[in-house]
$ cat upload_30.cif   # mmCIF, C-alpha atoms and all ligand atoms
data_coords
#
loop_
_atom_site.label_atom_id
_atom_site.label_comp_id
_atom_site.auth_asym_id
_atom_site.auth_seq_id
_atom_site.Cartn_x
_atom_site.Cartn_y
_atom_site.Cartn_z
CA MET A 265 0.00 0.00 0.00
CA ILE A 266 2.68 2.50 0.98
CA ASP A 267 6.30 2.79 -0.25
CA PRO A 268 9.14 4.31 1.81
CA ASP A 269 9.33 7.38 -0.49
CA ASP A 270 5.62 8.07 -0.62
CA SER A 271 4.00 11.33 0.32
CA VAL A 272 0.83 10.28 2.09
CA LEU A 273 -2.27 12.38 2.48
CA VAL A 274 -4.19 10.92 5.43
CA GLY A 275 -7.88 11.75 5.44
CA VAL A 276 -8.62 12.53 9.08
CA SER A 277 -12.06 13.39 10.41
CA GLY A 278 -10.77 13.42 13.97
CA GLY A 279 -12.96 10.44 14.90
CA LYS A 280 -11.62 7.19 16.36
CA ASP A 281 -10.83 5.38 13.07
CA SER A 282 -8.97 8.19 11.39
CA MET A 283 -7.08 9.16 14.56
CA ALA A 284 -6.03 5.50 14.90
CA LEU A 285 -4.83 5.49 11.28
CA LEU A 286 -2.84 8.68 11.69
CA HIS A 287 -1.23 7.37 14.89
CA PHE A 288 -0.40 4.08 13.20
CA LEU A 289 1.13 5.77 10.13
CA LEU A 290 3.30 7.99 12.32
CA LYS A 291 4.63 4.82 13.96
CA LEU A 292 5.31 3.43 10.49
CA ARG A 293 7.25 6.59 9.64
CA LYS A 294 9.75 5.71 12.36
CA LYS A 295 10.66 2.69 10.23
CA MET A 296 10.40 4.64 6.95
CA PRO A 297 12.01 8.01 7.71
CA ARG A 298 11.58 9.34 4.14
CA LEU A 299 7.82 8.95 4.33
CA ILE A 300 5.95 12.26 4.24
CA ILE A 301 2.65 12.39 6.13
CA VAL A 302 0.11 15.21 5.88
CA ALA A 303 -3.20 14.95 7.76
CA VAL A 304 -6.08 16.52 5.89
CA SER A 305 -9.40 17.14 7.54
CA VAL A 306 -12.42 18.03 5.46
CA ASP A 307 -14.76 20.42 7.26
CA GLU A 308 -18.16 19.74 5.71
CA GLY A 309 -19.81 22.53 7.64
CA ILE A 310 -22.27 20.53 9.73
CA SER A 311 -23.23 22.76 12.59
CA GLY A 312 -22.53 21.33 16.05
CA TYR A 313 -20.85 18.19 14.74
CA ARG A 314 -17.52 18.60 12.98
CA GLU A 315 -16.01 21.34 15.17
CA LYS A 316 -15.33 18.92 18.02
CA THR A 317 -13.60 16.20 16.03
CA ILE A 318 -11.43 18.71 14.16
CA LEU A 319 -10.22 19.95 17.53
CA ASN A 320 -9.10 16.36 18.25
CA LEU A 321 -6.90 16.41 15.17
CA VAL A 322 -5.54 19.91 15.77
CA ASN A 323 -4.51 19.05 19.36
CA TYR A 324 -2.94 15.75 18.31
CA ALA A 325 -1.09 17.29 15.35
CA ARG A 326 0.42 20.01 17.55
CA VAL A 327 1.64 17.54 20.18
CA HIS A 328 3.06 15.09 17.62
CA ASN A 329 4.36 17.69 15.20
CA VAL A 330 2.30 16.54 12.23
CA GLU A 331 1.59 18.79 9.30
CA TYR A 332 -2.18 19.21 8.90
CA ILE A 333 -4.61 21.04 6.65
CA VAL A 334 -8.28 21.79 7.26
CA ALA A 335 -10.07 22.04 3.89
CA SER A 336 -13.65 23.25 4.05
CA PHE A 337 -16.63 22.61 1.77
CA ARG A 338 -17.19 26.36 1.90
CA ASP A 339 -13.82 27.03 0.25
CA TYR A 340 -13.71 24.07 -2.17
CA ILE A 341 -17.41 23.53 -3.01
CA GLY A 342 -18.77 27.00 -2.46
CA ALA A 343 -21.20 26.13 0.37
CA THR A 344 -21.34 24.23 3.66
CA LEU A 345 -23.16 20.88 3.77
CA ASP A 346 -25.93 22.50 5.84
CA GLU A 347 -26.41 25.06 3.04
CA VAL A 348 -26.23 22.35 0.36
CA VAL A 349 -28.99 20.36 2.12
CA LYS A 350 -31.17 23.48 2.37
CA VAL A 351 -30.71 24.50 -1.29
CA SER A 352 -31.20 20.90 -2.43
CA SER A 353 -34.54 20.69 -0.64
CA GLU A 354 -35.66 24.10 -1.96
CA LYS A 355 -34.83 23.04 -5.50
CA GLY A 356 -36.51 19.65 -5.04
CA LEU A 357 -33.37 17.68 -5.88
CA PRO A 358 -33.75 13.98 -5.05
CA TYR A 359 -30.43 13.40 -3.24
CA LEU A 360 -29.80 12.60 0.42
CA PRO A 361 -27.26 14.60 2.49
CA CYS A 362 -24.85 11.64 2.55
CA SER A 363 -24.78 11.45 -1.26
CA TYR A 364 -23.52 15.01 -1.49
CA CYS A 365 -21.19 14.62 1.47
CA GLY A 366 -19.44 11.47 0.19
CA VAL A 367 -18.95 12.85 -3.33
CA PHE A 368 -17.78 16.27 -2.12
CA ARG A 369 -15.38 14.82 0.48
CA ARG A 370 -13.65 12.69 -2.17
CA HIS A 371 -13.57 15.72 -4.47
CA VAL A 372 -11.88 17.91 -1.84
CA LEU A 373 -9.33 15.22 -0.91
CA ASN A 374 -8.40 14.75 -4.59
CA ILE A 375 -7.89 18.47 -5.13
CA VAL A 376 -5.81 18.86 -1.96
CA ALA A 377 -3.76 15.75 -2.86
CA ARG A 378 -2.83 17.27 -6.23
CA LYS A 379 -2.11 20.63 -4.63
CA ILE A 380 0.39 19.19 -2.12
CA GLY A 381 1.82 16.59 -4.51
CA ALA A 382 0.67 13.56 -2.50
CA THR A 383 1.41 10.18 -4.09
CA VAL A 384 -1.07 8.27 -1.92
CA ILE A 385 -4.40 9.08 -0.27
CA ALA A 386 -4.96 6.90 2.81
CA THR A 387 -8.42 6.72 4.36
CA ALA A 388 -9.49 4.99 7.56
CA HIS A 389 -12.28 2.83 6.14
CA ASN A 390 -12.42 -0.29 8.30
CA ALA A 391 -13.85 -3.75 7.62
CA ASP A 392 -17.28 -2.67 8.92
CA ASP A 393 -17.40 0.33 6.54
CA VAL A 394 -16.34 -1.80 3.59
CA VAL A 395 -18.85 -4.58 4.28
CA GLN A 396 -21.63 -2.01 4.79
CA THR A 397 -20.82 -0.38 1.44
CA TYR A 398 -20.69 -3.81 -0.18
CA LEU A 399 -24.21 -4.65 1.04
CA MET A 400 -25.58 -1.19 0.16
CA ASN A 401 -24.35 -1.64 -3.39
CA LEU A 402 -25.71 -5.17 -3.57
CA VAL A 403 -29.11 -3.77 -2.57
CA ASN A 404 -28.81 -1.20 -5.40
CA ASN A 405 -27.37 -3.72 -7.84
CA SER A 406 -24.38 -1.37 -8.36
CA TRP A 407 -21.70 -3.80 -9.46
CA ASP A 408 -19.28 -1.18 -10.73
CA ARG A 409 -19.13 0.25 -7.25
CA ILE A 410 -18.64 -3.19 -5.73
CA PHE A 411 -15.69 -3.90 -8.05
CA SER A 412 -14.12 -0.60 -7.06
CA LEU A 413 -14.17 -1.51 -3.34
CA SER A 414 -10.66 -2.95 -3.33
CA PRO A 415 -8.13 -2.07 -0.59
CA VAL A 416 -5.80 -0.41 -3.12
CA ARG A 417 -6.88 1.57 -6.19
CA THR A 418 -4.30 2.66 -8.70
CA SER A 419 -4.32 3.89 -12.27
CA SER A 420 -1.74 4.56 -14.94
CA GLU A 421 -3.18 8.07 -15.45
CA GLU A 422 -1.01 10.75 -13.82
CA PHE A 423 -4.02 12.73 -12.52
CA VAL A 424 -5.34 9.77 -10.51
CA VAL A 425 -3.78 9.62 -7.04
CA LYS A 426 -3.46 6.10 -5.62
CA ARG A 427 -5.97 5.41 -2.83
CA VAL A 428 -5.39 2.92 -0.02
CA LYS A 429 -7.41 1.67 2.94
CA PRO A 430 -4.88 0.31 5.47
CA PHE A 431 -7.66 -0.74 7.93
CA TYR A 432 -9.58 -2.71 5.29
CA LYS A 433 -9.39 -5.91 7.32
CA THR A 434 -9.63 -4.28 10.74
CA LEU A 435 -12.99 -4.43 12.51
CA GLU A 436 -14.43 -1.15 13.77
CA LYS A 437 -14.33 -2.55 17.30
CA GLU A 438 -10.58 -3.13 16.99
CA SER A 439 -9.68 0.27 15.58
CA ALA A 440 -11.88 1.87 18.27
CA LEU A 441 -10.06 -0.09 20.96
CA TYR A 442 -6.68 0.94 19.49
CA ALA A 443 -7.79 4.60 19.53
CA ILE A 444 -9.02 4.39 23.12
CA LEU A 445 -5.97 2.51 24.44
CA ASN A 446 -3.68 5.10 22.85
CA GLY A 447 -5.69 7.99 24.29
CA LEU A 448 -6.50 9.36 20.81
CA VAL A 449 -10.17 10.20 21.33
CA GLN A 450 -12.60 11.10 24.08
CA LEU A 451 -15.08 8.37 24.87
CA GLU A 452 -18.10 10.54 24.11
CA TYR A 453 -19.68 9.73 20.80
CA ILE A 454 -21.28 12.35 18.60
CA GLN A 455 -23.29 11.09 15.69
CA CYS A 456 -23.62 13.02 12.48
CA PRO A 457 -27.09 14.67 12.49
CA TYR A 458 -27.69 13.45 8.92
CA ALA A 459 -26.97 9.77 9.71
CA LYS A 460 -30.64 8.96 10.21
CA TYR A 461 -31.35 9.66 6.52
CA ASN A 462 -28.75 7.14 5.51
CA VAL A 463 -29.31 3.58 4.25
CA ARG A 464 -25.94 2.77 5.81
CA PHE A 465 -27.42 3.41 9.25
CA THR A 466 -29.94 0.55 8.80
CA ILE A 467 -27.42 -1.82 7.23
CA ARG A 468 -24.89 -1.12 9.98
CA LYS A 469 -27.43 -2.07 12.65
CA MET A 470 -28.40 -5.21 10.76
CA LEU A 471 -24.76 -6.29 10.33
CA ASN A 472 -23.99 -5.76 14.01
CA GLU A 473 -26.97 -7.94 14.97
CA LEU A 474 -25.81 -10.59 12.54
CA GLU A 475 -22.27 -10.50 13.92
CA ASP A 476 -23.55 -10.75 17.51
CA LYS A 477 -25.57 -13.85 16.69
CA TYR A 478 -23.11 -15.42 14.28
CA PRO A 479 -19.57 -14.20 15.03
CA GLY A 480 -17.38 -14.08 11.95
CA SER A 481 -20.18 -12.95 9.62
CA LYS A 482 -18.44 -9.67 8.81
CA TYR A 483 -15.17 -11.41 7.89
CA GLY A 484 -17.17 -13.89 5.80
CA LEU A 485 -18.76 -11.07 3.84
CA LEU A 486 -15.41 -9.31 3.47
CA GLN A 487 -13.82 -12.49 2.07
CA SER A 488 -16.69 -12.92 -0.40
CA LEU A 489 -16.18 -9.32 -1.55
CA LEU A 490 -12.44 -9.88 -2.07
CA GLU A 491 -13.23 -13.04 -4.01
CA ILE A 492 -15.65 -11.18 -6.30
CA ILE A 493 -13.05 -8.46 -6.91
CA ARG A 494 -10.38 -11.10 -7.58
CA LEU A 495 -12.57 -12.98 -10.07
CA ARG A 496 -13.45 -9.80 -11.91
CA GLY A 497 -10.11 -8.03 -11.42
CA SER A 498 -8.12 -9.37 -14.30
CA GLN A 499 -10.90 -8.57 -16.76
CA ILE A 500 -11.41 -4.89 -16.19
CA THR A 501 -9.48 -1.87 -15.11
CA LYS A 502 -11.60 1.17 -14.58
CA LYS A 503 -10.94 3.90 -17.12
CA TYR A 504 -10.80 7.43 -15.84
CA THR A 505 -11.06 10.66 -17.73
CA LYS A 506 -10.16 14.06 -16.39
CA CYS A 507 -13.10 16.25 -15.37
CA ILE A 508 -13.08 19.26 -17.70
CA VAL A 509 -14.17 21.55 -14.86
CA CYS A 510 -12.00 20.57 -11.87
CA GLY A 511 -9.38 18.17 -13.29
CA ASN A 512 -10.27 15.34 -10.87
CA PRO A 513 -10.61 11.71 -12.03
CA SER A 514 -14.09 11.04 -13.40
CA SER A 515 -16.07 8.40 -15.28
CA HIS A 516 -17.58 11.08 -17.55
CA SER A 517 -16.40 14.36 -19.01
CA VAL A 518 -17.77 16.18 -15.94
CA CYS A 519 -17.31 14.57 -12.51
CA LYS A 520 -20.13 13.88 -10.07
CA ALA A 521 -19.03 16.66 -7.70
CA CYS A 522 -19.13 19.27 -10.48
CA LEU A 523 -22.51 17.96 -11.66
CA PHE A 524 -23.87 18.31 -8.12
CA ARG A 525 -22.41 21.82 -7.95
CA ALA A 526 -24.11 22.63 -11.26
CA LEU A 527 -27.49 21.39 -9.98
CA LEU A 528 -27.09 23.37 -6.75
CA GLY A 529 -26.12 26.55 -8.61
CA LEU A 530 -22.61 26.63 -7.12
CA LEU A 531 -20.55 26.90 -10.32
CA SER A 532 -18.97 30.10 -11.56
CA PRO A 533 -20.47 31.45 -14.84
CA GLU A 534 -17.36 30.21 -16.65
CA GLU A 535 -17.65 26.69 -15.19
CA GLU A 536 -21.37 26.61 -15.90
CA LYS A 537 -20.70 27.40 -19.56
CA THR A 538 -18.22 24.50 -19.73
CA VAL A 539 -20.76 22.07 -18.24
CA LEU A 540 -23.60 23.16 -20.57
CA GLU A 541 -21.24 22.78 -23.52
CA ALA A 542 -20.32 19.25 -22.36
CA ALA A 543 -24.00 18.33 -22.01
CA LYS A 544 -24.38 18.75 -25.79
CA THR A 545 -21.96 15.93 -26.53
CA ASP A 546 -21.91 13.74 -23.39
CA PRO A 547 -25.28 12.03 -22.75
CA ALA A 548 -24.25 11.16 -19.17
CA VAL A 549 -23.86 14.87 -18.43
CA SER A 550 -27.18 15.91 -19.98
CA ARG A 551 -28.92 13.04 -18.16
CA ALA A 552 -27.45 14.15 -14.84
CA LEU A 553 -28.56 17.75 -15.44
CA SER A 554 -32.13 16.80 -16.32
CA VAL A 555 -32.65 15.03 -12.99
CA LYS A 556 -36.22 14.36 -11.94
CA LEU A 557 -37.21 16.82 -9.24
CA VAL A 558 -39.15 15.79 -6.16
CA GLN A 559 -42.64 17.30 -5.97
CA LYS A 560 -43.35 19.06 -2.71
CA HIS A 561 -46.80 18.91 -1.18
ZN ZN B 601 -15.11 18.01 -11.59
#
$ encode --input "upload_30.cif" --output "structure tokens"
Amino acid sequence: MIDPDDSVLVGVSGGKDSMALLHFLLKLRKKMPRLIIVAVSVDEGISGYREKTILNLVNYARVHNVEYIVASFRDYIGATLDEVVKVSSEKGLPYLPCSYCGVFRRHVLNIVARKIGATVIATAHNADDVVQTYLMNLVNNSWDRIFSLSPVRTSSEEFVVKRVKPFYKTLEKESALYAILNGLVQLEYIQCPYAKYNVRFTIRKMLNELEDKYPGSKYGLLQSLLEIIRLRGSQITKKYTKCIVCGNPSSHSVCKACLFRALLGLLSPEEEKTVLEAAKTDPAVSRALSVKLVQKH
């Protein structure tokens, strides 16, 4: 996953998993002294939620002398998540808060990674996260997304930064225990206020019940996912193009984040012109822009 000369951007929310990952990578740096580690925290702008966890990172980074960057949705997207959710509802767009948040967080990390010349983006997704995503995509019959759930994602394209998930096989319970034993987080737990709108929330509960009754279920699902990826792996490698608006990796000429920004009215006039031009030739872009709005009663 990580070479001794890599420059690693660690995505850190300040919660238990990402603090555990940062702590672990700093230990690894003692064995690989050329390794560069930069902690990047994305501030989504969720009132009453993110401020506390960011403080965790800031305090830790100061004590351990780690370089860190806080990159906000406001600066990189043009609005906070709270504002995005409000505008989305006013416009009748059919997306849940977590859809925007996930897409925009990846978008911000990619831009910051290019800016600082990172060669790897490491995120703290653990086995629970991966298995939850696997099941969510099974429910939606989204096989492309399932195939892209591998622990390491690379591409030959220079604009695609390698992404790794070092805790892929680590259960949430274990990374939480590691974080607590190392004094990395406070024991209080604050849940994201938007979690209740999320399918993941239901699947997470279901998986925990399954694991309680039948220990080993999560590992079983994880192994089946790895097997599916292995069987498929040699046949396809995902092709990326460069988003014509932001330059991030994308499946279409305009990336999902820029399409969301277009729908929310967050693009500059120049960027908007570029997207409308692309819609004339790329059916995926025109489809995305002519999204079916939700009727309000
Ligand atoms: Zn883009």
$ closest_residue --input "upload_30.cif" --among "A:Leu373, A:Ala443, A:Ser532, A:Tyr432" --to "Val302 in chain A" --atoms "only C-alpha atoms"
A:Leu373
$ residues_around --input "upload_30.cif" --residues "range 268-279 of chain A" --least-positions-apart "4" --cutoff "9 Å" --atoms "only C-alpha atoms" --output "NGL selection string"
:A and (283-286 or 289 or 293 or 295-307 or 314 or 316-322 or 373 or 376-377 or 380-388 or 448-449 or 453)
$ residues_around --input "upload_30.cif" --residues "Glu347 in chain A" --least-positions-apart "6" --cutoff "12 Å" --atoms "all atoms listed in the file" --output "PyMOL selection string"
chain A and resi 308-311+337-338+341+353-354+361+364-365+528-530
$ closest_atom_pairs --input "upload_30.cif" --of "chain A" --to "ligand ZN 601 (chain B)" --cutoff "6 Å" --atoms "only C-alpha atoms and all ligand atoms" --output "CSV"
residue,atom,partner,partner_atom,distance
A:Cys507,CA,B:ZN601,ZN,4.6
A:Val509,CA,B:ZN601,ZN,4.9
A:Cys510,CA,B:ZN601,ZN,4.0
A:Gly511,CA,B:ZN601,ZN,6.0
A:Asn512,CA,B:ZN601,ZN,5.6
A:Val518,CA,B:ZN601,ZN,5.4
A:Cys519,CA,B:ZN601,ZN,4.2
A:Ala521,CA,B:ZN601,ZN,5.7
A:Cys522,CA,B:ZN601,ZN,4.4
$ closest_residue --input "upload_30.cif" --among "A:Arg464, A:Lys556, A:Arg496, A:Lys544" --to "Val403 in chain A" --atoms "all atoms listed in the file"
A:Arg464
$ residues_near_point --input "upload_30.cif" --point "(-17.3, -12.7, 10.3)" --cutoff "12 Å" --atoms "all atoms listed in the file" --output "list in words"
Ala391, Asp392, Val395, Lys433, Thr434, Leu435, Leu471, Asn472, Glu473, Leu474, Glu475, Asp476, Lys477, Tyr478, Pro479, Gly480, Ser481, Lys482, Tyr483, Gly484, Leu485, Leu486, Gln487 and Ser488 of chain A
$ residues_near_point --input "upload_30.cif" --point "(-9.3, -1.7, -1.3)" --cutoff "12 Å" --atoms "only C-alpha atoms" --output "CSV table (one decimal) with C-alpha atoms, in the frame of the given file"
chain,number,residue,atom,x,y,z
A,265,MET,CA,0.0,0.0,0.0
A,385,ILE,CA,-4.4,9.1,-0.3
A,386,ALA,CA,-5.0,6.9,2.8
A,387,THR,CA,-8.4,6.7,4.4
A,388,ALA,CA,-9.5,5.0,7.6
A,389,HIS,CA,-12.3,2.8,6.1
A,390,ASN,CA,-12.4,-0.3,8.3
A,391,ALA,CA,-13.8,-3.8,7.6
A,393,ASP,CA,-17.4,0.3,6.5
A,394,VAL,CA,-16.3,-1.8,3.6
A,395,VAL,CA,-18.8,-4.6,4.3
A,397,THR,CA,-20.8,-0.4,1.4
A,398,TYR,CA,-20.7,-3.8,-0.2
A,409,ARG,CA,-19.1,0.2,-7.2
A,410,ILE,CA,-18.6,-3.2,-5.7
A,411,PHE,CA,-15.7,-3.9,-8.0
A,412,SER,CA,-14.1,-0.6,-7.1
A,413,LEU,CA,-14.2,-1.5,-3.3
A,414,SER,CA,-10.7,-3.0,-3.3
A,415,PRO,CA,-8.1,-2.1,-0.6
A,416,VAL,CA,-5.8,-0.4,-3.1
A,417,ARG,CA,-6.9,1.6,-6.2
A,418,THR,CA,-4.3,2.7,-8.7
A,426,LYS,CA,-3.5,6.1,-5.6
A,427,ARG,CA,-6.0,5.4,-2.8
A,428,VAL,CA,-5.4,2.9,0.0
A,429,LYS,CA,-7.4,1.7,2.9
A,430,PRO,CA,-4.9,0.3,5.5
A,431,PHE,CA,-7.7,-0.7,7.9
A,432,TYR,CA,-9.6,-2.7,5.3
A,433,LYS,CA,-9.4,-5.9,7.3
A,486,LEU,CA,-15.4,-9.3,3.5
A,489,LEU,CA,-16.2,-9.3,-1.6
A,490,LEU,CA,-12.4,-9.9,-2.1
A,493,ILE,CA,-13.0,-8.5,-6.9
A,494,ARG,CA,-10.4,-11.1,-7.6
A,497,GLY,CA,-10.1,-8.0,-11.4
$ atom_distance --input "upload_30.cif" --atom1 "CA of Ile467 in chain A" --atom2 "CA of Ile492 in chain A"
20.2 Å
$ atom_distance --input "upload_30.cif" --atom1 "CA of Pro358 in chain A" --atom2 "CA of Leu557 in chain A"
6.1 Å
$ atom_distance --input "upload_30.cif" --atom1 "CA of Met400 in chain A" --atom2 "CA of Leu360 in chain A"
14.4 Å
$ closest_residue --input "upload_30.cif" --among "A:Tyr340, A:Trp407, A:Tyr359, A:Tyr313" --to "Asn374 in chain A" --atoms "only C-alpha atoms"
A:Tyr340
$ closest_residue --input "upload_30.cif" --among "A:Phe423, A:Tyr504, A:Phe368, A:Tyr442" --to "Lys520 in chain A" --atoms "only C-alpha atoms"
A:Phe368
$ closest_residue --input "upload_30.cif" --among "A:Ala552, A:Leu445, A:Val424, A:Ala440" --to "Thr505 in chain A" --atoms "only C-alpha atoms"
A:Val424
$ closest_residue --input "upload_30.cif" --among "A:Val330, A:Val367, A:Leu523, A:Val558" --to "Lys355 in chain A" --atoms "all atoms listed in the file"
A:Val558
$ decode --input "upload_30.cif" --residues "range 276-353 of chain A" --atoms "C-alpha atoms" --output "PDB file, in the first residue's frame"
ATOM      1  CA  VAL A 276      -8.619  12.533   9.083  1.00  0.00           C
ATOM      2  CA  SER A 277     -12.059  13.390  10.405  1.00  0.00           C
ATOM      3  CA  GLY A 278     -10.767  13.421  13.970  1.00  0.00           C
ATOM      4  CA  GLY A 279     -12.963  10.444  14.898  1.00  0.00           C
ATOM      5  CA  LYS A 280     -11.616   7.191  16.356  1.00  0.00           C
ATOM      6  CA  ASP A 281     -10.830   5.380  13.070  1.00  0.00           C
ATOM      7  CA  SER A 282      -8.966   8.187  11.386  1.00  0.00           C
ATOM      8  CA  MET A 283      -7.076   9.156  14.557  1.00  0.00           C
ATOM      9  CA  ALA A 284      -6.027   5.503  14.905  1.00  0.00           C
ATOM     10  CA  LEU A 285      -4.832   5.486  11.284  1.00  0.00           C
ATOM     11  CA  LEU A 286      -2.836   8.679  11.689  1.00  0.00           C
ATOM     12  CA  HIS A 287      -1.229   7.367  14.891  1.00  0.00           C
ATOM     13  CA  PHE A 288      -0.404   4.084  13.202  1.00  0.00           C
ATOM     14  CA  LEU A 289       1.132   5.773  10.128  1.00  0.00           C
ATOM     15  CA  LEU A 290       3.298   7.993  12.323  1.00  0.00           C
ATOM     16  CA  LYS A 291       4.632   4.821  13.956  1.00  0.00           C
ATOM     17  CA  LEU A 292       5.307   3.426  10.491  1.00  0.00           C
ATOM     18  CA  ARG A 293       7.247   6.591   9.643  1.00  0.00           C
ATOM     19  CA  LYS A 294       9.746   5.708  12.358  1.00  0.00           C
ATOM     20  CA  LYS A 295      10.660   2.691  10.226  1.00  0.00           C
ATOM     21  CA  MET A 296      10.396   4.636   6.950  1.00  0.00           C
ATOM     22  CA  PRO A 297      12.006   8.015   7.713  1.00  0.00           C
ATOM     23  CA  ARG A 298      11.583   9.342   4.139  1.00  0.00           C
ATOM     24  CA  LEU A 299       7.820   8.949   4.329  1.00  0.00           C
ATOM     25  CA  ILE A 300       5.945  12.261   4.237  1.00  0.00           C
ATOM     26  CA  ILE A 301       2.645  12.395   6.126  1.00  0.00           C
ATOM     27  CA  VAL A 302       0.107  15.206   5.879  1.00  0.00           C
ATOM     28  CA  ALA A 303      -3.197  14.949   7.759  1.00  0.00           C
ATOM     29  CA  VAL A 304      -6.081  16.524   5.889  1.00  0.00           C
ATOM     30  CA  SER A 305      -9.398  17.143   7.536  1.00  0.00           C
ATOM     31  CA  VAL A 306     -12.418  18.032   5.456  1.00  0.00           C
ATOM     32  CA  ASP A 307     -14.756  20.420   7.255  1.00  0.00           C
ATOM     33  CA  GLU A 308     -18.160  19.738   5.715  1.00  0.00           C
ATOM     34  CA  GLY A 309     -19.813  22.535   7.636  1.00  0.00           C
ATOM     35  CA  ILE A 310     -22.267  20.530   9.729  1.00  0.00           C
ATOM     36  CA  SER A 311     -23.229  22.758  12.593  1.00  0.00           C
ATOM     37  CA  GLY A 312     -22.530  21.326  16.050  1.00  0.00           C
ATOM     38  CA  TYR A 313     -20.847  18.192  14.736  1.00  0.00           C
ATOM     39  CA  ARG A 314     -17.522  18.604  12.978  1.00  0.00           C
ATOM     40  CA  GLU A 315     -16.012  21.338  15.166  1.00  0.00           C
ATOM     41  CA  LYS A 316     -15.331  18.919  18.017  1.00  0.00           C
ATOM     42  CA  THR A 317     -13.604  16.201  16.026  1.00  0.00           C
ATOM     43  CA  ILE A 318     -11.430  18.705  14.157  1.00  0.00           C
ATOM     44  CA  LEU A 319     -10.219  19.946  17.527  1.00  0.00           C
ATOM     45  CA  ASN A 320      -9.096  16.362  18.253  1.00  0.00           C
ATOM     46  CA  LEU A 321      -6.901  16.414  15.166  1.00  0.00           C
ATOM     47  CA  VAL A 322      -5.541  19.907  15.772  1.00  0.00           C
ATOM     48  CA  ASN A 323      -4.507  19.047  19.359  1.00  0.00           C
ATOM     49  CA  TYR A 324      -2.940  15.747  18.310  1.00  0.00           C
ATOM     50  CA  ALA A 325      -1.089  17.288  15.352  1.00  0.00           C
ATOM     51  CA  ARG A 326       0.420  20.005  17.548  1.00  0.00           C
ATOM     52  CA  VAL A 327       1.639  17.539  20.178  1.00  0.00           C
ATOM     53  CA  HIS A 328       3.058  15.089  17.617  1.00  0.00           C
ATOM     54  CA  ASN A 329       4.362  17.685  15.200  1.00  0.00           C
ATOM     55  CA  VAL A 330       2.305  16.535  12.232  1.00  0.00           C
ATOM     56  CA  GLU A 331       1.591  18.785   9.302  1.00  0.00           C
ATOM     57  CA  TYR A 332      -2.180  19.211   8.901  1.00  0.00           C
ATOM     58  CA  ILE A 333      -4.611  21.039   6.652  1.00  0.00           C
ATOM     59  CA  VAL A 334      -8.283  21.791   7.258  1.00  0.00           C
ATOM     60  CA  ALA A 335     -10.068  22.042   3.890  1.00  0.00           C
ATOM     61  CA  SER A 336     -13.653  23.251   4.048  1.00  0.00           C
ATOM     62  CA  PHE A 337     -16.629  22.613   1.774  1.00  0.00           C
ATOM     63  CA  ARG A 338     -17.191  26.356   1.897  1.00  0.00           C
ATOM     64  CA  ASP A 339     -13.817  27.029   0.247  1.00  0.00           C
ATOM     65  CA  TYR A 340     -13.715  24.075  -2.174  1.00  0.00           C
ATOM     66  CA  ILE A 341     -17.411  23.528  -3.011  1.00  0.00           C
ATOM     67  CA  GLY A 342     -18.774  27.002  -2.462  1.00  0.00           C
ATOM     68  CA  ALA A 343     -21.196  26.129   0.372  1.00  0.00           C
ATOM     69  CA  THR A 344     -21.342  24.234   3.663  1.00  0.00           C
ATOM     70  CA  LEU A 345     -23.161  20.880   3.769  1.00  0.00           C
ATOM     71  CA  ASP A 346     -25.933  22.495   5.843  1.00  0.00           C
ATOM     72  CA  GLU A 347     -26.412  25.056   3.039  1.00  0.00           C
ATOM     73  CA  VAL A 348     -26.231  22.352   0.364  1.00  0.00           C
ATOM     74  CA  VAL A 349     -28.987  20.361   2.116  1.00  0.00           C
ATOM     75  CA  LYS A 350     -31.168  23.479   2.367  1.00  0.00           C
ATOM     76  CA  VAL A 351     -30.707  24.499  -1.294  1.00  0.00           C
ATOM     77  CA  SER A 352     -31.204  20.896  -2.427  1.00  0.00           C
ATOM     78  CA  SER A 353     -34.540  20.686  -0.643  1.00  0.00           C
TER      79      SER A 353
END
